[in-house]
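J.: Take a look at this one; I'll ask things after.
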Amino acid sequence: MVNYLPRSAWNARPPKAGGPGNLTVSRVEGAVIHWPGTGSTKVIHTQAAVASALRGWQDYHMDSRGWSDIAYQVAVDQSGRAWTLRGLRTQSGANGDNDVNERYGAILLVLVTGEQPSAAMKATTRAVIADFRRLYPRGTAIRPHSAVRPEPTDCPGDPARAAIARGEFTPGHSEDDDMTPAQMQELKNFIEARSQAYALWVHKQLRRDLTAVVKAYALDIKNYERQTDAADAARAAAAVWATAPKSLQVDGDPTQEPPGPDPTTDPEPNLPDLDPFPTVDDKA
């Protein structure tokens with residue numbers, strides 16, 4: 001839905017009496033794209049600058065050309081603002097003779113010499129043309145002024161004419177298709193650089209994660225080996241103890257020490273009296 005700024009937004013003069021009246025629906029073939037053809041490269045971008053320019057063009061059309069009003073139906077600026085001029089229902093005076101004006105509407109693009117239409121301008125122009133087609137279902141053509149005016153004209157300039165040829169003002173057109181070969185190459189280079197950077201990051205991250213996994217696995221292996229070695233040693237000790245004489249076993253448990261003699265119940269053993277200085281028999 002287009003938000004059309006009213007005529008009061010640019011302080012428009014009222015139209016003169018005796019203007020052309022409304023378009024006839026059955027006669028309308030399409031919309032014509034115009035530019036102001038200022039011959040200047042000084043851009044007209046701010047809302048105040050556009051409003052001032054529209055008043056100047058209205059004065060020129062009414063006072064110098066003798067027309068009833070500013071010639072166009074709607075203006076679209078580089079910021080995507082749509083300005084009500086005569087309005088979509090009123091016949092324009094911009095296309096050429098009366099026959100051409102009866103068959104076509106007139107949309108003014110606020111462009112200066114060599115200026116490319118912005119994405120916002122193209123989007124709003126598509127929306128305005130969609131509104132135009134709702135009013136005039138048979139009026140589907142979109143043409144540059146140079147294609148319909150009986151006398152030669154450069155209007156609407158090469159950039160806008162090229163945009164028309166590419167379908168950039170056609171409702172439903174996608175701006176995704178508007179890239180130049182240089183822009184496509186720039187986008188390709190950007191995607192490749194980002195892809196390489198991302199691949200490097202993933203590689204480093206995987207190496208870091210893999211190193212952590214390997215370390216954890218090695219630690220688990222060591223812990224397992226310790227536990228296995230301890231269990232094997234216990235089983236080996238049990239096997240050796242099982243083959244020992246019964247007198248050395250205590251309840252069959254190799255982990256217990258055999259009891260020593262009890263001095264309260266066991267008498268001391270009789271040991272031979274060993275004289276450290278025995279008598280020497282001289283006769284021997």
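Letters A, B, ... go to the chains of the structure tokens in the order shown; residues in each chain start at 1; ligands are counted from 1 in the same order.
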Could you go through stretch 68-251 of chain A and tell me which residues DSSP, when run on the backbone, assigns to strand (DSSP E or B), listing them as a list in words?

T.: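 Strand (DSSP E or B) assignments inside stretch 68-251 of chain A correspond to Val74, Ala75, Val76, Ala82, Trp83, Thr84, Thr90, Tyr104, Gly105, Ala106, Ile107, Leu108, Leu109, Ala141, Ile142, Arg143 and Pro144 of chain A.
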
J.: Could you save the residues just selected, with N, CA and C atoms, as a short mmCIF file (atom, residue, chain, number, x, y, z; two decimals), in the first residue's frame?

T.:
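Dumped everything to again.cif:
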```
data_model
loop_
_atom_site.label_atom_id
_atom_site.label_comp_id
_atom_site.auth_asym_id
_atom_site.auth_seq_id
_atom_site.Cartn_x
_atom_site.Cartn_y
_atom_site.Cartn_z
N VAL A 74 1.91 11.43 -10.62
CA VAL A 74 2.55 11.09 -9.35
C VAL A 74 4.05 11.26 -9.52
N ALA A 75 4.73 11.69 -8.46
CA ALA A 75 6.20 11.74 -8.45
C ALA A 75 6.72 10.77 -7.40
N VAL A 76 7.88 10.18 -7.69
CA VAL A 76 8.55 9.28 -6.74
C VAL A 76 9.99 9.75 -6.59
N ALA A 82 6.19 8.85 -2.32
CA ALA A 82 5.29 9.07 -3.46
C ALA A 82 4.53 10.37 -3.21
N TRP A 83 4.51 11.25 -4.22
CA TRP A 83 3.90 12.56 -4.10
C TRP A 83 2.70 12.65 -5.04
N THR A 84 1.57 13.08 -4.51
CA THR A 84 0.40 13.29 -5.36
C THR A 84 0.59 14.58 -6.14
N THR A 90 -6.54 11.54 -12.90
CA THR A 90 -6.59 12.70 -13.79
C THR A 90 -5.62 12.53 -14.95
N TYR A 104 -2.01 6.92 -21.84
CA TYR A 104 -0.97 6.61 -20.86
C TYR A 104 -1.03 7.55 -19.65
N GLY A 105 -0.71 6.97 -18.50
CA GLY A 105 -0.47 7.77 -17.32
C GLY A 105 0.95 8.31 -17.34
N ALA A 106 1.31 9.12 -16.33
CA ALA A 106 2.64 9.73 -16.31
C ALA A 106 3.18 9.75 -14.88
N ILE A 107 4.31 9.04 -14.68
CA ILE A 107 4.96 8.97 -13.37
C ILE A 107 6.32 9.66 -13.47
N LEU A 108 6.56 10.61 -12.60
CA LEU A 108 7.80 11.38 -12.60
C LEU A 108 8.78 10.79 -11.59
N LEU A 109 9.97 10.43 -12.05
CA LEU A 109 11.06 10.02 -11.16
C LEU A 109 11.94 11.24 -10.90
N ALA A 141 1.21 -1.72 -19.82
CA ALA A 141 2.49 -1.34 -20.43
C ALA A 141 3.24 -0.36 -19.53
N ILE A 142 4.58 -0.49 -19.52
CA ILE A 142 5.45 0.46 -18.82
C ILE A 142 6.48 0.92 -19.84
N ARG A 143 6.45 2.19 -20.19
CA ARG A 143 7.30 2.67 -21.27
C ARG A 143 8.04 3.94 -20.87
N PRO A 144 9.24 4.13 -21.42
CA PRO A 144 9.92 5.41 -21.22
C PRO A 144 9.25 6.48 -22.07
#
```

J.: Between A:Gln73, A:Thr38, A:Asn98, A:Thr24, which residue has the minimum interatomic distance to A:Arg7, considering only C-alpha atoms?

T.: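 When distances to A:Arg7 are compared using only C-alpha atoms, the smallest one comes from A:Gln73.
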
J.: Write out as a PyMOL selection string all residues of stretch 52-211 of chain A that backbone DSSP assigns to helix (DSSP H, G or I).

T.: chain A and resi 52-64+98-103+119-135+145-147+158-165+175-177+181-211

J.: If you measure from atom CA of A:Gly37 to atom CA of A:Pro171, what distance in Å do you get, rounded to one decimal?

T.: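 Answer for the atom CA of A:Gly37 to atom CA of A:Pro171 separation: 25.1 Å.
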
J.: Might you pull out every residue within 8 Å of stretch 48-54 of chain A, with only C-alpha atoms counted and same-chain residues fewer than 6 positions away left off, and present them as a PyMOL selection string?

T.: chain A and resi 9-11+77+110

J.: Smallest atom-to-atom distance to A:Ala12: which of A:Thr46, A:Thr41, A:Gln58, A:Ser68, using only C-alpha atoms?

T.: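 Closest to A:Ala12 of all the choices is A:Gln58.
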
J.: Could you give me, as a PyMOL selection string, the residues within 8 Å of stretch 119-131 of chain A, counting only C-alpha atoms and dropping anything in the same chain fewer than 5 positions from it?

T.: chain A and resi 1-2+31+76-82+109+168-172+175

J.: I'd like the interatomic distance between atom CA of A:Gly167 and atom CA of A:Asn22, to a tenth of an Å.

T.: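 We find that atom CA of A:Gly167 and atom CA of A:Asn22 lie 27.7 Å from each other.
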
J.: Would you kindly return, as an MDAnalysis selection string, each protein, DNA or RNA residue with an atom no farther than 9 Å from any atom of A:Trp57, considering only C-alpha atoms and excluding same-chain residues fewer than 6 positions away?

T.: chainID A and resid 36 70:71

J.: Quick one: write out the picked residues with N, CA and C atoms as an mmCIF file, in the first residue's frame?

T.:
```cif
data_model
loop_
_atom_site.group_PDB
_atom_site.id
_atom_site.type_symbol
_atom_site.label_atom_id
_atom_site.label_comp_id
_atom_site.auth_asym_id
_atom_site.auth_seq_id
_atom_site.Cartn_x
_atom_site.Cartn_y
_atom_site.Cartn_z
ATOM 1 N N PRO A 36 12.643 14.876 -14.679
ATOM 2 C CA PRO A 36 12.473 16.316 -14.893
ATOM 3 C C PRO A 36 13.412 16.894 -15.935
ATOM 4 N N ILE A 70 0.755 21.060 -12.844
ATOM 5 C CA ILE A 70 1.970 20.290 -13.099
ATOM 6 C C ILE A 70 1.573 19.099 -13.967
ATOM 7 N N ALA A 71 2.425 18.704 -14.888
ATOM 8 C CA ALA A 71 1.991 17.801 -15.955
ATOM 9 C C ALA A 71 1.802 16.352 -15.520
#
```

J.: With only C-alpha atoms as the counted atoms, please give the residues lying no more than 9 Å from A:Lys42, apart from itself and same-chain residues fewer than 2 positions off, as a list in words.

T.: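 Using only C-alpha atoms, the neighbours found are Ser40, Ile44, Val112 and Thr113 of chain A.
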